[in-house]
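A short write-up of the structure that comes next.
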Amino acid sequence: QLQLVESGGGLVQPGGSLRLSCAASGFYLDDYAFGWFRQAPGKEREGISFISSNAHSTHFADSVKGRFTISRDHYKNTVYLEMNNLKPEDTAVYYCAAVVRRGLDRTVVVATAERYDIWGQGTQVTVSS
């Protein structure tokens, strides 16, 4: 069974940091591109960070550029989202997602949510004093 499990969310003060993890099971991480998305109450889902299947390419939404980084660990089969200088407007449920890139250009990031076919259950991030 192909599965993604996010962890690492929680309550943090403005200016603080969190690292979200997305553990993959049932498939080989290197064949997939990944994305992190978030959805705040009453707002549309927002794609915030993406990484290609060979980890050579990344992309960030303007809202998080310079504050968030994305990485992947081949040996732990896990993708990470490092979030620094968090702001109250970062409060949302964060989801990771995967899309297969086997046989395709592995340098490409996939920034369209509709192309992702494996999703995690989400983890809540709350930024508040």
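The chains in the structure tokens are called A, B, ... from first to last as shown; in each chain the residues are counted from 1, and the ligands are counted from 1 in the order shown.
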
Notebook entry, point to check: Can you tell me, as a list of chain:residue names, what residues are no more than 10 Å from Ala92 in chain A when counting only C-alpha atoms, ignoring any on the same chain fewer than 2 positions away?
Noted result: A:Gly9, A:Phe37, A:Arg38, A:Gln39, A:Ala40, A:Pro41, A:Lys43, A:Arg45, A:Glu46, A:Pro88, A:Glu89, A:Asp90, A:Tyr94, A:Tyr95, A:Gly122, A:Thr123, A:Gln124, A:Val125, A:Thr126, A:Val127

Next item on the list: With a distance cut-off of 12 Å and only C-alpha atoms, select the neighbouring residues of Ser129 in chain A, excluding the residue or stretch itself and same-chain residues fewer than 2 positions from it, and output the selection as a list in words.
Entry: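 After dropping sequence-adjacent residues, the list is Leu11, Val12, Gln13, Pro14, Gly15, Gly16, Leu86, Lys87, Pro88, Thr126 and Val127 of chain A.
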
Margin query: Could you go through chain A and tell me which residues DSSP, when run on the backbone, assigns to strand (DSSP E), listing them as number ranges by chain?
Written below: A: 3-7, 10-12, 18-25, 32-39, 46-51, 58-60, 68-73, 78-83, 92-100, 118-119, 123-127

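Of the listed residues (A:Leu2, A:Val108, A:Cys96, A:Leu18), A:Cys96 comes nearest to Gly47 in chain A; the distances count only C-alpha atoms.
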
Next item on the list: Counting only C-alpha atoms, figure out which residue out of A:Thr112, A:Gln1, A:Ser63, A:Ser21 gets nearest to Val79 in chain A.
Entry: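 So, comparing all the options, the nearest one is A:Ser21.
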
Item checked: CA of Trp119 in chain A to CA of Ala24 in chain A, distance in Å rounded to a single decimal ->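 So the two atoms, CA of Trp119 in chain A and CA of Ala24 in chain A, lie 10.1 Å apart.
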
Excluding same-chain residues fewer than 4 positions from range 100-102 of chain A, what lies within 9 Å of it counting only C-alpha atoms, as a PDB file with all heavy atoms, in the first residue's frame?
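Saved as result_26.pdb:
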ATOM      1  N   ASP A  30      12.823   7.640  -4.616  1.00  0.00           N
ATOM      2  CA  ASP A  30      13.547   8.273  -5.712  1.00  0.00           C
ATOM      3  C   ASP A  30      12.763   8.291  -7.025  1.00  0.00           C
ATOM      4  O   ASP A  30      13.155   8.993  -7.955  1.00  0.00           O
ATOM      5  CB  ASP A  30      14.883   7.574  -5.926  1.00  0.00           C
ATOM      6  CG  ASP A  30      15.872   7.866  -4.816  1.00  0.00           C
ATOM      7  OD1 ASP A  30      15.513   8.624  -3.889  1.00  0.00           O
ATOM      8  OD2 ASP A  30      16.992   7.344  -4.862  1.00  0.00           O
ATOM      9  N   ASP A  31      11.683   7.524  -7.120  1.00  0.00           N
ATOM     10  CA  ASP A  31      10.878   7.514  -8.334  1.00  0.00           C
ATOM     11  C   ASP A  31       9.799   8.588  -8.344  1.00  0.00           C
ATOM     12  O   ASP A  31       9.031   8.699  -9.288  1.00  0.00           O
ATOM     13  CB  ASP A  31      10.200   6.152  -8.513  1.00  0.00           C
ATOM     14  CG  ASP A  31      11.178   5.065  -8.927  1.00  0.00           C
ATOM     15  OD1 ASP A  31      12.215   5.401  -9.535  1.00  0.00           O
ATOM     16  OD2 ASP A  31      10.896   3.891  -8.632  1.00  0.00           O
ATOM     17  N   TYR A  32       9.740   9.370  -7.266  1.00  0.00           N
ATOM     18  CA  TYR A  32       8.624  10.292  -7.094  1.00  0.00           C
ATOM     19  C   TYR A  32       9.099  11.720  -6.846  1.00  0.00           C
ATOM     20  O   TYR A  32      10.082  11.958  -6.143  1.00  0.00           O
ATOM     21  CB  TYR A  32       7.754   9.855  -5.915  1.00  0.00           C
ATOM     22  CG  TYR A  32       6.942   8.616  -6.195  1.00  0.00           C
ATOM     23  CD1 TYR A  32       7.535   7.370  -6.230  1.00  0.00           C
ATOM     24  CD2 TYR A  32       5.575   8.701  -6.446  1.00  0.00           C
ATOM     25  CE1 TYR A  32       6.795   6.236  -6.516  1.00  0.00           C
ATOM     26  CE2 TYR A  32       4.820   7.578  -6.717  1.00  0.00           C
ATOM     27  CZ  TYR A  32       5.443   6.341  -6.754  1.00  0.00           C
ATOM     28  OH  TYR A  32       4.697   5.225  -7.027  1.00  0.00           O
ATOM     29  N   ALA A  33       8.363  12.671  -7.413  1.00  0.00           N
ATOM     30  CA  ALA A  33       8.490  14.071  -7.031  1.00  0.00           C
ATOM     31  C   ALA A  33       7.516  14.338  -5.885  1.00  0.00           C
ATOM     32  O   ALA A  33       6.487  13.662  -5.770  1.00  0.00           O
ATOM     33  CB  ALA A  33       8.176  14.983  -8.216  1.00  0.00           C
ATOM     34  N   PHE A  34       7.859  15.303  -5.065  1.00  0.00           N
ATOM     35  CA  PHE A  34       7.048  15.595  -3.878  1.00  0.00           C
ATOM     36  C   PHE A  34       6.667  17.071  -3.819  1.00  0.00           C
ATOM     37  O   PHE A  34       7.359  17.942  -4.356  1.00  0.00           O
ATOM     38  CB  PHE A  34       7.829  15.232  -2.613  1.00  0.00           C
ATOM     39  CG  PHE A  34       7.819  13.778  -2.306  1.00  0.00           C
ATOM     40  CD1 PHE A  34       8.665  12.913  -2.991  1.00  0.00           C
ATOM     41  CD2 PHE A  34       6.962  13.255  -1.351  1.00  0.00           C
ATOM     42  CE1 PHE A  34       8.658  11.557  -2.729  1.00  0.00           C
ATOM     43  CE2 PHE A  34       6.950  11.902  -1.079  1.00  0.00           C
ATOM     44  CZ  PHE A  34       7.799  11.052  -1.763  1.00  0.00           C
ATOM     45  N   SER A  52      12.016  17.908  -6.994  1.00  0.00           N
ATOM     46  CA  SER A  52      12.021  16.920  -8.066  1.00  0.00           C
ATOM     47  C   SER A  52      12.439  15.553  -7.530  1.00  0.00           C
ATOM     48  O   SER A  52      12.974  15.435  -6.429  1.00  0.00           O
ATOM     49  CB  SER A  52      12.976  17.368  -9.173  1.00  0.00           C
ATOM     50  OG  SER A  52      14.307  17.455  -8.675  1.00  0.00           O
ATOM     51  N   SER A  53      12.240  14.529  -8.334  1.00  0.00           N
ATOM     52  CA  SER A  53      12.532  13.169  -7.873  1.00  0.00           C
ATOM     53  C   SER A  53      14.030  12.936  -7.716  1.00  0.00           C
ATOM     54  O   SER A  53      14.428  12.079  -6.929  1.00  0.00           O
ATOM     55  CB  SER A  53      11.921  12.136  -8.814  1.00  0.00           C
ATOM     56  OG  SER A  53      12.474  12.250 -10.105  1.00  0.00           O
ATOM     57  N   ARG A 106      13.342  13.507 -14.441  1.00  0.00           N
ATOM     58  CA  ARG A 106      13.426  13.500 -12.981  1.00  0.00           C
ATOM     59  C   ARG A 106      13.929  14.827 -12.423  1.00  0.00           C
ATOM     60  O   ARG A 106      14.053  14.969 -11.208  1.00  0.00           O
ATOM     61  CB  ARG A 106      14.291  12.337 -12.526  1.00  0.00           C
ATOM     62  CG  ARG A 106      13.707  10.982 -12.905  1.00  0.00           C
ATOM     63  CD  ARG A 106      14.541   9.826 -12.388  1.00  0.00           C
ATOM     64  NE  ARG A 106      14.505   9.757 -10.943  1.00  0.00           N
ATOM     65  CZ  ARG A 106      15.585   9.808 -10.178  1.00  0.00           C
ATOM     66  NH1 ARG A 106      16.785   9.953 -10.724  1.00  0.00           N
ATOM     67  NH2 ARG A 106      15.476   9.718  -8.868  1.00  0.00           N
ATOM     68  N   VAL A 108      12.314  17.650 -13.032  1.00  0.00           N
ATOM     69  CA  VAL A 108      11.170  18.554 -13.069  1.00  0.00           C
ATOM     70  C   VAL A 108      10.442  18.561 -11.729  1.00  0.00           C
ATOM     71  O   VAL A 108      10.200  17.504 -11.135  1.00  0.00           O
ATOM     72  CB  VAL A 108      10.201  18.121 -14.186  1.00  0.00           C
ATOM     73  CG1 VAL A 108       8.896  18.897 -14.109  1.00  0.00           C
ATOM     74  CG2 VAL A 108      10.857  18.315 -15.544  1.00  0.00           C
ATOM     75  N   TYR A 116      -0.925  15.212  -8.400  1.00  0.00           N
ATOM     76  CA  TYR A 116      -0.453  14.343  -7.320  1.00  0.00           C
ATOM     77  C   TYR A 116      -1.503  13.285  -7.015  1.00  0.00           C
ATOM     78  O   TYR A 116      -2.695  13.596  -6.919  1.00  0.00           O
ATOM     79  CB  TYR A 116      -0.150  15.164  -6.075  1.00  0.00           C
ATOM     80  CG  TYR A 116       1.137  15.926  -6.177  1.00  0.00           C
ATOM     81  CD1 TYR A 116       1.192  17.171  -6.797  1.00  0.00           C
ATOM     82  CD2 TYR A 116       2.318  15.392  -5.669  1.00  0.00           C
ATOM     83  CE1 TYR A 116       2.391  17.868  -6.899  1.00  0.00           C
ATOM     84  CE2 TYR A 116       3.519  16.092  -5.759  1.00  0.00           C
ATOM     85  CZ  TYR A 116       3.543  17.322  -6.387  1.00  0.00           C
ATOM     86  OH  TYR A 116       4.725  18.006  -6.489  1.00  0.00           O
ATOM     87  N   ASP A 117      -1.057  12.050  -6.825  1.00  0.00           N
ATOM     88  CA  ASP A 117      -2.020  10.973  -6.603  1.00  0.00           C
ATOM     89  C   ASP A 117      -1.814  10.228  -5.289  1.00  0.00           C
ATOM     90  O   ASP A 117      -2.579   9.308  -4.987  1.00  0.00           O
ATOM     91  CB  ASP A 117      -2.011   9.983  -7.774  1.00  0.00           C
ATOM     92  CG  ASP A 117      -0.607   9.581  -8.189  1.00  0.00           C
ATOM     93  OD1 ASP A 117       0.330   9.769  -7.397  1.00  0.00           O
ATOM     94  OD2 ASP A 117      -0.457   9.078  -9.309  1.00  0.00           O
TER      95      ASP A 117
END

Item checked: Residues within 7 Å of range 64-73 of chain A, only C-alpha atoms, excluding chain neighbours under 3 positions, as a count of residues only -> 15

Next item on the list: Counting only C-alpha atoms, figure out which residue out of A:Glu114, A:His74, A:Val93, A:Leu104 gets nearest to Tyr28 in chain A.
Entry: A:His74

Next item on the list: Return as a PyMOL selection string the full set of residues in range 7-104 of chain A whose backbone-based DSSP assignment is helix (DSSP H, G or I).
Entry: chain A and resi 29-31+88-90

Check: For Gly26 in chain A, which residue out of A:Phe50, A:Leu4, A:Thr107, A:Glu44 is the nearest one, using only C-alpha atoms?
Finding: A:Leu4

Margin query: I'd like the interatomic distance between CA of Val99 in chain A and CA of Arg115 in chain A, to a tenth of an Å.
Written below: 6.8 Å

Note to self: What does the structure give for the distance between CA of Ala23 in chain A and CA of Val5 in chain A, in Å to one decimal?
What the structure shows: 5.2 Å
